[in-house]
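Q: Got a structure here, written out as C-alpha cells. Questions coming.
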Amino acid sequence: MAYKDEYEVARLHMHTGFLDELRREFDGDFTVQYHLAPPFLPARLDARGRPKKRAFGQWLQTPLRLLAGLKGLRGTAFDIFGYTAERRAERELITWYEALIDTMLGKLDAARLPDLTAIAKAPMEIRGYGPVKDAAIDKTKAEVARLTAQLTSAQSDTDDGSGRRAALGG
C-alpha cells in the first residue's frame, strides 16, 4: 500500500547506487539530466495532455539528497507534497482498499477464494503518475466493481433465501 512519492523518487536516485551504476556503465565525463514534472511548478501539457516534463541538470542532486532525507515529514502537517490532489487521492485509495479487504474477509470461503483473490490483486495494476495513475485508478475501481458485482450475483444465485446456500444445478 506504499506509493512512490517525491521523497521516494529522491531516495531512489540518491541512495540506491543509481549514480554509481551510471559511473560503471559509462566511461569518461558525462552529465546527468533529470526529466521531471514537479507538482509545485506550473506545467504546460504535452501532446497527450499530460504535464510536460522539464530537464534539470546535475545541480538537482543536492535538493534530491535533501528531499530524500526529509522523508520523515511524509504524512505530517509539514509534508508540502501531502496537500496535492495526487497524494490525497493515494491516501483515499489506501482507505478504499482497506475497506474492500474488510468486506472481502466477511465473504471468505473456499468456493469464493479465486474471485476474492482477483479482487484483492486488482489494485496491483495501479502504477504511474498524474494522468496515467488516474486512468489506472479508474480502470481498477471499475474492474473491482465488476468483480464484486459478479461475486454478489453468484452468491445470490446460490442463496435459497434463508441465508443458507442451496445446491446448484437443481
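Residues are named by chain letter and number: chains run A, B, ... in the order of the C-alpha cells, numbers start at 1 in each chain, and ligands are numbered from 1 in the order shown.
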Using only C-alpha atoms, which residues sit within 10 Å of Met1 (chain A) once same-chain residues fewer than 4 positions away are excluded, as a list in words?

A: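 Contacts, in chain order: Glu90, Arg91, Leu93, Ile94, Thr95, Tyr97, Glu98, Pro123 and Met124 of chain A.
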
Q: Neighbouring residues of region 143-147 of chain A were defined as those with any atom within 7 Å, considering only C-alpha atoms; residues of the same chain fewer than 3 positions away were excluded. Please report them as an MDAnalysis selection string.

A: chainID A and resid 119 122 139:140 150:151

Q: Kindly export the residues of the current selection with C-alpha atoms, as a PDB file, in the first residue's frame.

A:
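Done, and the output landed in out.pdb:
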ATOM      1  CA  ILE A 119     -10.421  -8.566  -6.302  1.00  0.00           C
ATOM      2  CA  ALA A 122      -6.637  -5.825  -8.896  1.00  0.00           C
ATOM      3  CA  LYS A 139      -9.833   1.219 -14.580  1.00  0.00           C
ATOM      4  CA  THR A 140      -9.054  -0.729 -11.395  1.00  0.00           C
ATOM      5  CA  GLN A 150     -20.173 -10.836 -10.263  1.00  0.00           C
ATOM      6  CA  LEU A 151     -19.385 -12.298  -6.842  1.00  0.00           C
TER       7      LEU A 151
END

Q: Can you check which residues of chain A DSSP gives as strand (DSSP E or B) on the backbone and send them as a ChimeraX atom specification?

A: /A:34-36,45,51,54-56,159,165

Q: Find the residues around Gly72 (chain A) up to 10 Å (only C-alpha atoms counted), leave out those fewer than 6 positions away in its own chain, and share them as a PyMOL selection string.

A: chain A and resi 7+78-79

Q: Contacts of region 40-43 of chain A at 10 Å or less, counting only C-alpha atoms, minus same-chain residues fewer than 5 places along, as a PDB file with all heavy atoms, in the first residue's frame?

A:
ATOM      1  N   ARG A  50      -0.686  15.469 -20.833  1.00  0.00           N
ATOM      2  CA  ARG A  50      -0.030  15.209 -19.552  1.00  0.00           C
ATOM      3  C   ARG A  50       0.925  16.349 -19.235  1.00  0.00           C
ATOM      4  O   ARG A  50       1.418  17.022 -20.131  1.00  0.00           O
ATOM      5  CB  ARG A  50       0.758  13.900 -19.626  1.00  0.00           C
ATOM      6  CG  ARG A  50      -0.108  12.708 -19.903  1.00  0.00           C
ATOM      7  CD  ARG A  50       0.733  11.477 -20.078  1.00  0.00           C
ATOM      8  NE  ARG A  50      -0.104  10.326 -20.385  1.00  0.00           N
ATOM      9  CZ  ARG A  50       0.372   9.174 -20.794  1.00  0.00           C
ATOM     10  NH1 ARG A  50       1.665   8.995 -20.946  1.00  0.00           N
ATOM     11  NH2 ARG A  50      -0.448   8.183 -21.055  1.00  0.00           N
ATOM     12  N   PRO A  51       1.223  16.557 -17.951  1.00  0.00           N
ATOM     13  CA  PRO A  51       2.190  17.614 -17.615  1.00  0.00           C
ATOM     14  C   PRO A  51       3.517  17.358 -18.326  1.00  0.00           C
ATOM     15  O   PRO A  51       4.044  16.249 -18.316  1.00  0.00           O
ATOM     16  CB  PRO A  51       2.348  17.484 -16.101  1.00  0.00           C
ATOM     17  CG  PRO A  51       1.094  16.822 -15.642  1.00  0.00           C
ATOM     18  CD  PRO A  51       0.687  15.900 -16.769  1.00  0.00           C
ATOM     19  N   LYS A  52       4.018  18.395 -18.981  1.00  0.00           N
ATOM     20  CA  LYS A  52       5.259  18.267 -19.736  1.00  0.00           C
ATOM     21  C   LYS A  52       6.445  18.219 -18.770  1.00  0.00           C
ATOM     22  O   LYS A  52       6.547  19.028 -17.853  1.00  0.00           O
ATOM     23  CB  LYS A  52       5.405  19.447 -20.689  1.00  0.00           C
ATOM     24  CG  LYS A  52       6.539  19.307 -21.652  1.00  0.00           C
ATOM     25  CD  LYS A  52       6.522  20.407 -22.689  1.00  0.00           C
ATOM     26  CE  LYS A  52       7.637  20.152 -23.674  1.00  0.00           C
ATOM     27  NZ  LYS A  52       7.590  21.107 -24.775  1.00  0.00           N
ATOM     28  N   LYS A  53       7.300  17.243 -18.994  1.00  0.00           N
ATOM     29  CA  LYS A  53       8.485  17.115 -18.143  1.00  0.00           C
ATOM     30  C   LYS A  53       9.508  18.172 -18.528  1.00  0.00           C
ATOM     31  O   LYS A  53       9.596  18.581 -19.679  1.00  0.00           O
ATOM     32  CB  LYS A  53       9.081  15.716 -18.274  1.00  0.00           C
ATOM     33  CG  LYS A  53       8.172  14.655 -17.692  1.00  0.00           C
ATOM     34  CD  LYS A  53       8.807  13.300 -17.713  1.00  0.00           C
ATOM     35  CE  LYS A  53       7.865  12.290 -17.071  1.00  0.00           C
ATOM     36  NZ  LYS A  53       8.483  10.976 -16.957  1.00  0.00           N
ATOM     37  N   ARG A  54      10.295  18.576 -17.541  1.00  0.00           N
ATOM     38  CA  ARG A  54      11.362  19.557 -17.740  1.00  0.00           C
ATOM     39  C   ARG A  54      12.688  18.885 -17.440  1.00  0.00           C
ATOM     40  O   ARG A  54      12.762  18.000 -16.587  1.00  0.00           O
ATOM     41  CB  ARG A  54      11.176  20.734 -16.802  1.00  0.00           C
ATOM     42  CG  ARG A  54       9.891  21.473 -17.025  1.00  0.00           C
ATOM     43  CD  ARG A  54       9.734  22.558 -15.989  1.00  0.00           C
ATOM     44  NE  ARG A  54       8.407  23.136 -16.111  1.00  0.00           N
ATOM     45  CZ  ARG A  54       8.062  24.262 -15.566  1.00  0.00           C
ATOM     46  NH1 ARG A  54       8.921  24.947 -14.847  1.00  0.00           N
ATOM     47  NH2 ARG A  54       6.845  24.728 -15.717  1.00  0.00           N
ATOM     48  N   ILE A  80       4.772  19.121   2.449  1.00  0.00           N
ATOM     49  CA  ILE A  80       4.187  20.021   1.450  1.00  0.00           C
ATOM     50  C   ILE A  80       3.587  19.261   0.276  1.00  0.00           C
ATOM     51  O   ILE A  80       2.658  19.739  -0.362  1.00  0.00           O
ATOM     52  CB  ILE A  80       5.210  21.065   0.949  1.00  0.00           C
ATOM     53  CG1 ILE A  80       6.419  20.388   0.300  1.00  0.00           C
ATOM     54  CG2 ILE A  80       5.628  21.988   2.070  1.00  0.00           C
ATOM     55  CD1 ILE A  80       7.332  21.344  -0.436  1.00  0.00           C
ATOM     56  N   PHE A  81       4.086  18.075  -0.008  1.00  0.00           N
ATOM     57  CA  PHE A  81       3.557  17.285  -1.117  1.00  0.00           C
ATOM     58  C   PHE A  81       2.255  16.582  -0.733  1.00  0.00           C
ATOM     59  O   PHE A  81       1.469  16.216  -1.598  1.00  0.00           O
ATOM     60  CB  PHE A  81       4.577  16.252  -1.581  1.00  0.00           C
ATOM     61  CG  PHE A  81       5.885  16.864  -1.993  1.00  0.00           C
ATOM     62  CD1 PHE A  81       7.013  16.713  -1.204  1.00  0.00           C
ATOM     63  CD2 PHE A  81       5.985  17.608  -3.159  1.00  0.00           C
ATOM     64  CE1 PHE A  81       8.216  17.281  -1.573  1.00  0.00           C
ATOM     65  CE2 PHE A  81       7.185  18.187  -3.535  1.00  0.00           C
ATOM     66  CZ  PHE A  81       8.312  18.026  -2.738  1.00  0.00           C
ATOM     67  N   THR A  84      -1.156  17.862  -2.166  1.00  0.00           N
ATOM     68  CA  THR A  84      -1.516  17.822  -3.582  1.00  0.00           C
ATOM     69  C   THR A  84      -2.676  16.854  -3.803  1.00  0.00           C
ATOM     70  O   THR A  84      -2.895  15.928  -3.012  1.00  0.00           O
ATOM     71  CB  THR A  84      -0.322  17.385  -4.460  1.00  0.00           C
ATOM     72  OG1 THR A  84       0.016  16.029  -4.150  1.00  0.00           O
ATOM     73  CG2 THR A  84       0.889  18.301  -4.266  1.00  0.00           C
TER      74      THR A  84
END

Q: List the spatial neighbours of Ala149 (chain A) as a PyMOL selection string - criterion: any atom at most 12 Å away, only C-alpha atoms, same-chain residues fewer than 6 positions off excluded.

A: chain A and resi 115-116+119+142-143+155-156

Q: How far is it from CA of Ala55 (chain A) to CA of Asp29 (chain A), in Å with one decimal?

A: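 Going from CA of Ala55 (chain A) over to CA of Asp29 (chain A), I get 18.9 Å.
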
Q: Just give me the gap between CA of Ala47 (chain A) and CA of Ile137 (chain A) in Å, one decimal is fine.

A: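 Straight-line distance from CA of Ala47 (chain A) to CA of Ile137 (chain A) works out to 21.9 Å.
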
Q: So, with only C-alpha atoms as the atoms that count, which of A:Ala77, A:Gly106, A:Glu125, A:His13 lies closest to Gln33 (chain A)?

A: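 Counting only C-alpha atoms, the residue closest to Gln33 (chain A) is A:His13.
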